[in-house]
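Undergrad: Take a look at input21.cif, mmCIF, C-alpha atoms:
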data_input
#
loop_
_atom_site.label_atom_id
_atom_site.label_comp_id
_atom_site.auth_asym_id
_atom_site.auth_seq_id
_atom_site.Cartn_x
_atom_site.Cartn_y
_atom_site.Cartn_z
CA MET A 1 95.43 181.21 -214.42
CA PRO A 2 99.14 180.89 -215.30
CA ASN A 3 101.09 177.77 -214.43
CA PRO A 4 102.01 177.49 -210.74
CA LEU A 5 105.56 178.44 -209.80
CA LYS A 6 107.66 175.37 -208.97
CA TYR A 7 109.49 174.93 -205.66
CA ASN A 8 113.23 175.65 -205.74
CA LYS A 9 115.56 175.02 -202.77
CA LYS A 10 117.09 178.46 -203.37
CA PHE A 11 114.02 179.92 -201.66
CA ASP A 12 115.34 178.43 -198.39
CA GLU A 13 119.07 179.23 -198.58
CA LEU A 14 120.69 181.40 -195.88
CA ASN A 15 123.78 183.54 -196.45
CA GLU A 16 126.89 183.29 -194.27
CA GLU A 17 125.94 186.14 -191.92
CA GLU A 18 122.52 184.62 -191.37
CA LYS A 19 124.07 181.24 -190.61
CA LYS A 20 126.33 182.79 -187.96
CA LEU A 21 123.44 184.63 -186.35
CA LEU A 22 121.43 181.41 -186.35
CA GLU A 23 124.13 179.60 -184.35
CA ILE A 24 124.06 182.38 -181.75
CA ASN A 25 120.27 182.21 -181.64
CA LYS A 26 120.26 178.44 -181.14
CA LYS A 27 122.41 178.88 -178.01
CA THR A 28 119.92 181.38 -176.55
CA ILE A 29 117.01 179.03 -177.35
CA ALA A 30 118.76 176.27 -175.39
CA ASP A 31 119.41 178.67 -172.50
CA PHE A 32 115.76 179.74 -172.47
CA VAL A 33 114.40 176.19 -172.47
CA GLU A 34 116.84 175.16 -169.73
CA GLN A 35 115.45 177.95 -167.53
CA SER A 36 111.85 177.75 -168.78
CA SER A 37 110.46 175.84 -165.78
CA SER A 38 111.50 178.68 -163.46
CA ILE A 39 110.53 181.39 -165.99
CA SER A 40 106.98 180.03 -166.17
CA ASP A 41 106.90 178.61 -162.61
CA VAL A 42 105.99 175.09 -163.73
CA ASN A 43 107.55 171.71 -163.00
CA TYR A 44 108.61 170.93 -166.57
CA ALA A 45 110.63 172.53 -169.36
CA THR A 46 108.35 174.37 -171.80
CA ARG A 47 108.41 175.15 -175.49
CA ASN A 48 110.24 178.36 -176.43
CA ALA A 49 107.13 179.61 -178.28
CA HIS A 50 103.43 178.82 -177.84
CA ALA A 51 104.32 177.49 -174.42
CA LYS A 52 100.78 177.63 -173.02
CA THR A 53 98.51 174.74 -174.03
CA TYR A 54 94.78 175.43 -173.80
CA ALA A 55 93.64 172.01 -174.99
CA ALA A 56 94.34 169.18 -177.41
CA ALA A 57 91.77 167.24 -179.39
CA LYS A 58 91.24 164.58 -182.02
CA GLY A 59 89.74 165.64 -185.33
CA THR A 60 89.18 164.63 -188.95
CA PHE A 61 90.24 166.23 -192.23
CA HIS A 62 87.51 165.62 -194.81
CA ILE A 63 88.68 166.12 -198.41
CA GLU A 64 86.52 168.01 -200.90
CA PRO A 65 85.24 165.56 -203.53
CA ASP A 66 85.83 168.01 -206.40
CA ILE A 67 89.30 169.40 -205.64
CA PRO A 68 91.35 170.30 -208.75
CA GLU A 69 92.81 167.30 -210.56
CA SER A 70 96.39 168.55 -210.04
CA LEU A 71 95.92 168.33 -206.25
CA GLN A 72 94.22 164.94 -206.11
CA PRO A 73 97.45 162.85 -205.85
CA PHE A 74 98.16 164.43 -202.44
CA PHE A 75 94.71 163.62 -201.06
CA ASP A 76 94.09 160.04 -202.09
CA LYS A 77 91.71 159.30 -199.20
CA GLU A 78 88.34 160.77 -198.33
CA LYS A 79 89.46 161.66 -194.82
CA PHE A 80 92.52 161.77 -192.56
CA ASP A 81 92.89 161.61 -188.77
CA LEU A 82 94.09 164.75 -186.98
CA THR A 83 95.60 165.70 -183.66
CA ILE A 84 95.09 169.38 -182.83
CA ARG A 85 96.69 171.60 -180.20
CA PHE A 86 95.29 174.98 -179.17
CA SER A 87 97.81 177.37 -177.62
CA ASN A 88 98.90 180.91 -176.85
CA ALA A 89 101.97 182.36 -178.53
CA GLN A 90 103.62 183.77 -175.42
CA LEU A 91 106.95 182.33 -174.35
CA LYS A 92 106.03 182.52 -170.67
CA ILE A 93 103.06 180.69 -169.21
CA LYS A 94 100.84 183.08 -167.25
CA ASN A 95 97.79 182.02 -165.26
CA THR A 96 95.65 185.03 -166.12
CA ARG A 97 91.97 185.34 -167.06
CA LYS A 98 92.75 187.30 -170.21
CA ASP A 99 95.64 186.34 -172.47
CA ILE A 100 96.91 188.39 -175.36
CA PRO A 101 94.88 187.27 -178.43
CA ALA A 102 97.78 185.50 -180.14
CA TYR A 103 96.47 181.99 -180.61
CA GLY A 104 97.78 178.81 -182.18
CA PHE A 105 95.84 176.06 -183.94
CA ALA A 106 98.43 173.37 -184.68
CA VAL A 107 97.31 170.47 -186.85
CA GLN A 108 98.96 167.07 -187.23
CA ILE A 109 97.74 164.94 -190.15
CA LYS A 110 98.21 161.17 -190.06
CA ASP A 111 97.82 158.37 -192.57
CA GLU A 112 95.61 155.30 -192.14
CA ASN A 113 98.41 153.51 -190.23
CA GLY A 114 98.94 156.38 -187.79
CA GLY A 115 102.10 157.58 -189.54
CA LEU A 116 102.81 161.29 -189.77
CA LEU A 117 101.98 163.00 -193.05
CA ALA A 118 102.23 166.67 -192.13
CA ASN A 119 102.36 169.20 -189.30
CA TYR A 120 100.88 172.66 -189.77
CA PRO A 121 101.28 175.15 -186.89
CA LEU A 122 98.66 177.78 -187.79
CA VAL A 123 98.11 181.13 -186.04
CA ASN A 124 95.34 183.73 -185.94
CA PHE A 125 97.34 186.44 -187.75
CA PRO A 126 98.09 186.11 -191.47
CA LEU A 127 101.40 187.99 -191.62
CA PHE A 128 104.85 188.02 -190.04
CA PRO A 129 106.19 191.42 -188.95
CA MET A 130 109.56 191.25 -190.70
CA ASN A 131 111.29 189.98 -193.82
CA SER A 132 114.93 190.38 -192.83
CA VAL A 133 116.35 187.11 -191.54
CA SER A 134 119.17 188.98 -189.77
CA ASN A 135 116.79 191.34 -187.97
CA PHE A 136 114.54 188.46 -186.97
CA LEU A 137 117.44 186.46 -185.53
CA LYS A 138 118.78 189.47 -183.64
CA LEU A 139 115.34 190.21 -182.18
CA PHE A 140 114.61 186.59 -181.25
CA THR A 141 118.05 186.34 -179.63
CA ALA A 142 117.38 189.55 -177.66
CA VAL A 143 114.00 188.24 -176.48
CA ASN A 144 115.53 184.97 -175.26
CA ARG A 145 118.31 186.81 -173.47
CA PHE A 146 115.81 189.18 -171.85
CA TYR A 147 113.96 186.25 -170.30
CA THR A 148 117.16 184.55 -169.12
CA LYS A 149 119.24 187.59 -168.15
CA LYS A 150 116.45 190.10 -167.49
CA TRP A 151 117.34 193.78 -167.24
CA SER A 152 120.91 193.48 -168.51
CA SER A 153 119.48 192.73 -171.97
CA LEU A 154 116.63 195.26 -171.97
CA PHE A 155 118.45 197.95 -174.00
CA THR A 156 119.40 195.46 -176.74
CA LEU A 157 115.81 194.22 -176.91
CA LEU A 158 114.42 197.76 -177.24
CA LEU A 159 116.96 198.55 -179.96
CA GLN A 160 115.98 195.51 -182.00
CA MET A 161 112.30 196.33 -181.60
CA ILE A 162 112.93 199.82 -182.99
CA LYS A 163 114.74 198.32 -185.99
CA ILE A 164 111.72 196.25 -187.02
CA THR A 165 109.24 199.14 -186.78
CA PRO A 166 109.34 200.03 -190.52
CA SER A 167 108.30 196.49 -191.49
CA LEU A 168 105.24 196.83 -189.26
CA LEU A 169 103.93 199.74 -191.31
CA THR A 170 102.92 198.06 -194.57
CA ALA A 171 99.28 198.62 -195.49
CA ASP A 172 98.53 194.90 -195.03
CA MET A 173 100.17 194.81 -191.59
CA VAL A 174 98.35 197.91 -190.35
CA ARG A 175 94.99 196.69 -191.65
CA ASN A 176 95.37 193.28 -190.03
CA MET A 177 96.61 194.71 -186.72
CA ILE A 178 93.54 196.95 -186.56
CA LYS A 179 91.35 193.94 -187.35
CA LEU A 180 93.00 191.91 -184.58
CA LEU A 181 92.62 194.77 -182.13
CA ARG A 182 88.90 194.92 -182.85
CA LYS A 183 88.58 191.14 -182.37
CA ARG A 184 90.82 190.95 -179.29
CA ASN A 185 87.97 189.79 -177.02
CA ASP A 186 86.45 187.33 -179.48
CA PHE A 187 86.19 183.59 -178.85
CA ILE A 188 89.32 181.66 -179.85
CA LEU A 189 87.48 179.42 -182.35
CA SER A 190 85.90 182.37 -184.18
CA PHE A 191 89.25 183.45 -185.68
CA ASP A 192 90.66 182.46 -189.04
CA TYR A 193 93.99 180.64 -188.76
CA HIS A 194 96.89 180.99 -191.20
CA SER A 195 100.16 179.33 -192.13
CA ILE A 196 101.85 182.79 -192.43
CA GLY A 197 104.74 181.35 -194.44
CA ALA A 198 104.53 179.16 -197.52
CA TYR A 199 104.55 175.36 -197.76
CA ARG A 200 105.21 172.81 -200.45
CA LEU A 201 102.40 170.81 -202.00
CA GLY A 202 104.51 168.63 -204.22
CA ASP A 203 106.17 171.06 -206.63
CA HIS A 204 103.53 173.71 -205.88
CA ILE A 205 104.03 176.44 -203.27
CA ILE A 206 100.98 177.26 -201.18
CA LYS A 207 99.66 179.21 -198.22
CA ILE A 208 96.97 177.77 -195.95
CA LYS A 209 93.96 179.32 -194.27
CA LEU A 210 91.52 177.66 -191.89
CA SER A 211 88.17 179.46 -191.66
CA PRO A 212 85.58 178.39 -189.03
CA GLN A 213 81.95 177.83 -189.94
CA SER A 214 79.27 179.60 -187.88
CA VAL A 215 81.07 180.11 -184.56
CA ASP A 216 79.68 182.86 -182.31
CA LYS A 217 82.47 185.34 -181.52
CA ASN A 218 80.79 186.29 -178.21
CA ILE A 219 81.12 182.87 -176.58
CA GLY A 220 82.89 182.77 -173.21
CA LYS A 221 83.69 186.47 -172.86
CA LYS A 222 83.56 186.25 -169.06
CA GLN A 223 85.61 183.07 -168.90
CA LYS A 224 89.28 182.24 -169.23
CA VAL A 225 90.22 181.27 -172.80
CA LYS A 226 91.02 177.72 -171.72
CA ASP A 227 87.70 177.25 -169.93
CA SER A 228 85.58 178.69 -172.74
CA LEU A 229 87.37 176.52 -175.32
CA LYS A 230 86.97 173.32 -173.30
CA ASN A 231 83.32 174.03 -172.51
CA TYR A 232 82.57 174.64 -176.18
CA LEU A 233 84.31 171.51 -177.48
CA GLN A 234 82.67 169.34 -174.82
CA THR A 235 79.18 170.36 -175.97
CA ASN A 236 79.54 171.43 -179.63
CA ASP A 237 80.85 170.09 -182.93
CA PHE A 238 83.35 172.36 -184.68
CA THR A 239 83.91 172.62 -188.43
CA ALA A 240 86.27 174.84 -190.42
CA ASP A 241 86.97 175.20 -194.14
CA VAL A 242 90.53 174.45 -195.28
CA LEU A 243 91.58 176.86 -198.03
CA ILE A 244 94.82 177.23 -199.97
CA GLN A 245 96.38 179.84 -202.24
CA ILE A 246 98.85 178.76 -204.92
CA CYS A 247 101.97 180.73 -205.84
CA TYR A 248 102.09 181.69 -209.54
CA ASP A 249 104.29 184.79 -209.54
CA LEU A 250 106.73 186.01 -206.87
CA LYS A 251 105.66 189.60 -207.50
CA ASP A 252 102.10 188.91 -206.38
CA GLN A 253 102.78 185.90 -204.13
CA PRO A 254 106.21 186.51 -202.54
CA VAL A 255 107.73 183.58 -200.67
CA ASN A 256 110.22 185.55 -198.56
CA LYS A 257 108.19 188.71 -197.96
CA LEU A 258 105.91 187.74 -195.12
CA ASN A 259 104.49 191.15 -194.12
CA VAL A 260 102.24 191.45 -197.19
CA GLU A 261 99.27 189.35 -198.24
CA TRP A 262 99.26 187.28 -201.42
CA LYS A 263 97.10 188.75 -204.17
CA ASN A 264 95.76 187.53 -207.53
CA SER A 265 95.65 183.98 -206.23
CA PRO A 266 92.10 182.89 -205.34
CA PHE A 267 91.45 180.71 -202.31
CA ILE A 268 90.67 177.09 -203.20
CA LYS A 269 88.70 174.98 -200.73
CA ILE A 270 90.33 171.57 -200.39
CA GLY A 271 88.37 170.21 -197.43
CA GLU A 272 87.08 170.67 -193.91
CA VAL A 273 88.50 170.14 -190.43
CA ALA A 274 85.93 168.62 -188.07
CA ILE A 275 86.14 168.17 -184.30
CA ASN A 276 83.24 166.21 -182.85
CA LYS A 277 82.02 167.21 -179.42
CA GLY A 278 83.68 165.24 -176.67
CA SER A 279 86.92 164.74 -178.64
CA LEU A 280 89.19 166.56 -176.19
CA LEU A 281 92.28 164.71 -175.02
CA ASP A 282 92.70 164.24 -171.28
CA GLU A 283 94.64 167.28 -170.05
CA ARG A 284 96.02 165.20 -167.17
CA ASP A 285 97.79 162.98 -169.69
CA CYS A 286 101.39 164.19 -170.00
CA THR A 287 101.45 163.11 -173.66
CA ASN A 288 99.75 166.43 -174.49
CA GLU A 289 103.07 168.10 -173.74
CA LEU A 290 104.90 165.40 -175.69
CA LEU A 291 103.14 166.43 -178.91
CA SER A 292 105.43 167.86 -181.58
CA PHE A 293 104.12 169.95 -184.46
CA ASN A 294 107.44 170.57 -186.18
CA PRO A 295 106.53 171.14 -189.86
CA PHE A 296 109.96 169.88 -190.90
CA GLU A 297 109.00 166.42 -189.66
CA SER A 298 106.34 166.35 -192.40
CA LYS A 299 106.78 164.35 -195.59
CA ILE A 300 109.18 166.24 -197.84
CA PHE A 301 106.48 167.37 -200.28
CA PHE A 302 104.49 169.06 -197.45
CA GLN A 303 107.38 170.93 -195.81
CA PRO A 304 107.78 174.71 -195.31
CA VAL A 305 109.31 177.01 -197.91
CA GLY A 306 111.35 180.18 -197.37
CA LYS A 307 114.23 181.58 -195.35
CA ILE A 308 112.25 182.56 -192.24
CA GLN A 309 110.62 179.14 -192.35
CA LYS A 310 114.06 177.51 -192.54
CA LEU A 311 114.99 179.15 -189.25
CA ARG A 312 112.07 177.39 -187.60
CA ASP A 313 113.59 174.03 -188.48
CA GLU A 314 116.71 174.73 -186.44
CA ALA A 315 114.70 176.39 -183.65
CA TYR A 316 112.34 173.40 -183.34
CA LYS A 317 115.24 170.95 -183.21
CA ILE A 318 117.23 172.69 -180.48
CA SER A 319 114.08 173.42 -178.48
CA VAL A 320 112.86 169.82 -178.56
CA GLN A 321 116.32 168.39 -177.83
CA THR A 322 116.79 170.66 -174.83
CA ARG A 323 113.23 170.21 -173.55
CA ARG A 324 113.51 166.43 -173.64
CA LYS A 325 116.91 166.50 -171.95
CA ILE A 326 115.70 168.71 -169.10
CA ASN A 327 112.44 166.85 -168.60
CA LYS A 328 114.26 163.55 -168.49
CA LEU A 329 116.42 164.94 -165.69
CA LEU A 330 113.37 166.35 -163.89
CA HIS A 331 110.99 163.43 -164.31
CA GLY A 332 112.92 160.57 -165.81
CA LYS A 333 110.94 160.76 -169.07
CA ASN A 334 110.94 162.63 -172.38
CA SER A 335 108.48 165.51 -172.74
#
Let me see whether you can do it: turn the structure in this file into structure tokens.
TA:
Amino acid sequence: MPNPLKYNKKFDELNEEEKKLLEINKKTIADFVEQSSSISDVNYATRNAHAKTYAAAKGTFHIEPDIPESLQPFFDKEKFDLTIRFSNAQLKIKNTRKDIPAYGFAVQIKDENGGLLANYPLVNFPLFPMNSVSNFLKLFTAVNRFYTKKWSSLFTLLLQMIKITPSLLTADMVRNMIKLLRKRNDFILSFDYHSIGAYRLGDHIIKIKLSPQSVDKNIGKKQKVKDSLKNYLQTNDFTADVLIQICYDLKDQPVNKLNVEWKNSPFIKIGEVAINKGSLLDERDCTNELLSFNPFESKIFFQPVGKIQKLRDEAYKISVQTRRKINKLLHGKNS
């Protein structure tokens, strides 16, 4: 294999138009979070994405003993403690038996002293439906305004959705959408989970995939997702392989083109995520909603790479700031 491509901060830089659109978007995120308790009919301010928590659990990241020598400095222990949150991607919390199959598997890795090493919010779809930062910001702004202003923003939302249609039609996007459609009723822990965007691993640039071992896709088909997940984790151990791809060439492994899969970069197994049965956190404990999986809180050499990823930094910050402000007013505590 050729030498890995080194990280450069230019991968993350926004132009002036994108910066202006980001400021507008941040205002709509704050507006959404301020109204989120009434939008979702709950007594607390919610996240502005992946608002619905199914469960949270403790886990362990076991490192492969024979990982490549170049990666060993980043994994200097045999295992690391994890906190994991399972969620649904919808902005609005709905108490329905069947959710759309857009799931989150967010992982927080800690050192031996309990300090944060890295946050990785993974999802069960490997691609992102657009590459244009401007189009993404306009769409996200329209979605937020639709939830806060309802029908007055419907036309703008529809217009932005039409604009992104061409980016949905790449061969990789179509193939993965068909695959997701076929798996729409499968058990939440039977899916692979992906980083979508790229991350740093020191000077390397990587993508991450979490692939479960031997999980029956037919589990809990007559149950709510939350109930089937909790029942499984209360009575079964769960193990998944942690795989990475390394960026060698932007032509084959593009950093800022998220609607195509990386090719000519083999998956490397670096370890396993394990959740022992009975490791669920108490759902009555409000600290579950205090959990933050902002990948920009990670150590610098584990942080996200790319322009779309950069937007998430600002979105996380304004969302958390607003959520904590509102929840302090509602309950006298941060959440």
Undergrad: Excluding Pro166 in chain A and any residue of its chain fewer than 6 positions from it, enumerate the residues within 12 Å of it, using only C-alpha atoms, and give them as number ranges by chain.
TA: A: 129-132, 135, 160, 173-174, 259
Undergrad: Please produce a file of the residues just selected, as a short mmCIF file (atom, residue, chain, number, x, y, z; two decimals), in the coordinates of the input, where the atoms kept are C-alpha atoms.
TA:
data_model
loop_
_atom_site.label_atom_id
_atom_site.label_comp_id
_atom_site.auth_asym_id
_atom_site.auth_seq_id
_atom_site.Cartn_x
_atom_site.Cartn_y
_atom_site.Cartn_z
CA PRO A 129 106.19 191.42 -188.95
CA MET A 130 109.56 191.25 -190.70
CA ASN A 131 111.29 189.98 -193.82
CA SER A 132 114.93 190.38 -192.83
CA ASN A 135 116.79 191.34 -187.97
CA GLN A 160 115.98 195.51 -182.00
CA MET A 173 100.17 194.81 -191.59
CA VAL A 174 98.35 197.91 -190.35
CA ASN A 259 104.49 191.15 -194.12
#
Undergrad: Could you jot down the CA of Asp31 in chain A to CA of Asp12 in chain A separation for me, Å, one decimal place?
TA: 26.2 Å
Undergrad: Report, in Å to a single decimal, how far apart CA of Gln309 in chain A and CA of Lys9 in chain A are.
TA: 12.2 Å
Undergrad: Residues near Phe296 in chain A, anyone? I mean within 12 Å using only C-alpha atoms, not counting same-chain ones fewer than 4 positions away, as a list of chain:residue names.
TA: A:Gln108, A:Leu116, A:Leu117, A:Ala118, A:Asn119, A:Tyr120, A:Pro121, A:Tyr199, A:Arg200, A:Ser292, A:Ile300, A:Phe301, A:Phe302, A:Gln303, A:Pro304, A:Val305, A:Gln309, A:Lys310, A:Leu311, A:Arg312, A:Asp313, A:Glu314, A:Ala315, A:Tyr316, A:Lys317
Undergrad: Deliver the residues from the most recent selection as a file, using C-alpha atoms, as a PDB file, in the coordinates of the input.
TA:
ATOM      1  CA  GLN A 108      98.960 167.070-187.230  1.00  0.00           C
ATOM      2  CA  LEU A 116     102.810 161.290-189.770  1.00  0.00           C
ATOM      3  CA  LEU A 117     101.980 163.000-193.050  1.00  0.00           C
ATOM      4  CA  ALA A 118     102.230 166.670-192.130  1.00  0.00           C
ATOM      5  CA  ASN A 119     102.360 169.200-189.300  1.00  0.00           C
ATOM      6  CA  TYR A 120     100.880 172.660-189.770  1.00  0.00           C
ATOM      7  CA  PRO A 121     101.280 175.150-186.890  1.00  0.00           C
ATOM      8  CA  TYR A 199     104.550 175.360-197.760  1.00  0.00           C
ATOM      9  CA  ARG A 200     105.210 172.810-200.450  1.00  0.00           C
ATOM     10  CA  SER A 292     105.430 167.860-181.580  1.00  0.00           C
ATOM     11  CA  ILE A 300     109.180 166.240-197.840  1.00  0.00           C
ATOM     12  CA  PHE A 301     106.480 167.370-200.280  1.00  0.00           C
ATOM     13  CA  PHE A 302     104.490 169.060-197.450  1.00  0.00           C
ATOM     14  CA  GLN A 303     107.380 170.930-195.810  1.00  0.00           C
ATOM     15  CA  PRO A 304     107.780 174.710-195.310  1.00  0.00           C
ATOM     16  CA  VAL A 305     109.310 177.010-197.910  1.00  0.00           C
ATOM     17  CA  GLN A 309     110.620 179.140-192.350  1.00  0.00           C
ATOM     18  CA  LYS A 310     114.060 177.510-192.540  1.00  0.00           C
ATOM     19  CA  LEU A 311     114.990 179.150-189.250  1.00  0.00           C
ATOM     20  CA  ARG A 312     112.070 177.390-187.600  1.00  0.00           C
ATOM     21  CA  ASP A 313     113.590 174.030-188.480  1.00  0.00           C
ATOM     22  CA  GLU A 314     116.710 174.730-186.440  1.00  0.00           C
ATOM     23  CA  ALA A 315     114.700 176.390-183.650  1.00  0.00           C
ATOM     24  CA  TYR A 316     112.340 173.400-183.340  1.00  0.00           C
ATOM     25  CA  LYS A 317     115.240 170.950-183.210  1.00  0.00           C
TER      26      LYS A 317
END
Undergrad: Just want the 9 Å neighbourhood of Gly278 in chain A, counted on only C-alpha atoms, with same-chain residues fewer than 5 positions away dropped. Output as a compact mmCIF listing (two decimals) with C-alpha atoms, keeping the file's coordinate frame.
TA:
# COMPACT_ATOMS: atom_id res chain seq x y z
CA ALA A 57 91.77 167.24 -179.39
CA LEU A 233 84.31 171.51 -177.48
CA GLN A 234 82.67 169.34 -174.82
CA THR A 235 79.18 170.36 -175.97
CA ASN A 236 79.54 171.43 -179.63
CA ASP A 237 80.85 170.09 -182.93
Undergrad: Report as a list in words the residues that result from applying the PyMOL selection byres ((chain A and resi 226) around 10) to the structure here.
TA: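 Answer for the PyMOL selection byres ((chain A and resi 226) around 10): Lys52, Thr53, Tyr54, Ala55, Phe86, Ser87, Asn88, Arg97, Lys98, Asp99, Ile188, Gly220, Gln223, Lys224, Val225, Asp227, Ser228, Leu229, Lys230 and Asn231 of chain A.
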Undergrad: Could you check the closest approach to Ser37 in chain A for each of A:Asn15, A:Ile326, A:Tyr103, A:Leu139 and tell me which residue wins, using only C-alpha atoms?
TA: A:Ile326
Undergrad: Between CA of Asn124 in chain A and CA of Leu158 in chain A, what is the distance, to one decimal in Å?
TA: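 Between CA of Asn124 in chain A and CA of Leu158 in chain A the gap works out to 25.2 Å.
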Undergrad: Mind checking which residues fall within 12 Å of Ile24 in chain A, counting all atoms listed in the file, ignoring those fewer than 6 positions away in the same chain, and posting them as a VMD selection string?
TA: chain A and resid 17 to 18 30 to 31 134 137 to 142 144 to 145 314 to 315 318
Undergrad: Might I get the box with edges along x, y and z of the file that holds all atoms of range 23-32 of chain A listed there, padded by 8 Å on every side, given as centre and edge lengths in Å to one decimal, as AutoDock Vina command-line options?
TA:
--center_x 119.9 --center_y 179.3 --center_z -178.4 --size_x 24.4 --size_y 22.1 --size_z 27.9
Undergrad: Could you give me range 310-325 of chain A completed to N, CA, C and O atoms, formatted as a compact mmCIF listing (two decimals), in the frame of the given file?
TA:
# COMPACT_ATOMS: atom_id res chain seq x y z
N LYS A 310 112.88 178.35 -192.77
CA LYS A 310 114.06 177.51 -192.54
C LYS A 310 114.60 177.68 -191.12
O LYS A 310 115.07 176.72 -190.51
N LEU A 311 114.52 178.89 -190.61
CA LEU A 311 114.99 179.15 -189.25
C LEU A 311 114.20 178.33 -188.24
O LEU A 311 114.73 177.90 -187.21
N ARG A 312 112.91 178.14 -188.53
CA ARG A 312 112.07 177.39 -187.60
C ARG A 312 112.53 175.95 -187.46
O ARG A 312 112.37 175.34 -186.40
N ASP A 313 113.09 175.40 -188.52
CA ASP A 313 113.59 174.03 -188.48
C ASP A 313 114.65 173.89 -187.40
O ASP A 313 114.57 173.00 -186.53
N GLU A 314 115.63 174.78 -187.43
CA GLU A 314 116.71 174.73 -186.44
C GLU A 314 116.18 175.04 -185.04
O GLU A 314 116.61 174.43 -184.05
N ALA A 315 115.25 176.01 -184.95
CA ALA A 315 114.70 176.39 -183.65
C ALA A 315 113.93 175.23 -183.02
O ALA A 315 114.06 174.94 -181.82
N TYR A 316 113.10 174.56 -183.84
CA TYR A 316 112.34 173.40 -183.34
C TYR A 316 113.29 172.32 -182.82
O TYR A 316 113.08 171.75 -181.75
N LYS A 317 114.33 172.03 -183.58
CA LYS A 317 115.24 170.95 -183.21
C LYS A 317 115.92 171.21 -181.87
O LYS A 317 115.93 170.35 -180.99
N ILE A 318 116.49 172.40 -181.72
CA ILE A 318 117.23 172.69 -180.48
C ILE A 318 116.28 172.80 -179.31
O ILE A 318 116.59 172.38 -178.18
N SER A 319 115.06 173.31 -179.55
CA SER A 319 114.08 173.42 -178.48
C SER A 319 113.65 172.04 -177.99
O SER A 319 113.61 171.77 -176.78
N VAL A 320 113.31 171.16 -178.93
CA VAL A 320 112.86 169.82 -178.56
C VAL A 320 113.97 169.04 -177.88
O VAL A 320 113.76 168.37 -176.86
N GLN A 321 115.19 169.12 -178.42
CA GLN A 321 116.32 168.39 -177.83
C GLN A 321 116.55 168.82 -176.39
O GLN A 321 116.73 167.99 -175.49
N THR A 322 116.53 170.14 -176.17
CA THR A 322 116.79 170.66 -174.83
C THR A 322 115.64 170.34 -173.89
O THR A 322 115.84 169.95 -172.73
N ARG A 323 114.41 170.49 -174.38
CA ARG A 323 113.23 170.21 -173.55
C ARG A 323 113.22 168.76 -173.09
O ARG A 323 112.94 168.47 -171.92
N ARG A 324 113.52 167.85 -174.01
CA ARG A 324 113.51 166.43 -173.64
C ARG A 324 114.64 166.10 -172.66
O ARG A 324 114.47 165.30 -171.75
N LYS A 325 115.78 166.73 -172.86
CA LYS A 325 116.91 166.50 -171.95
C LYS A 325 116.57 166.96 -170.53
O LYS A 325 116.79 166.22 -169.55
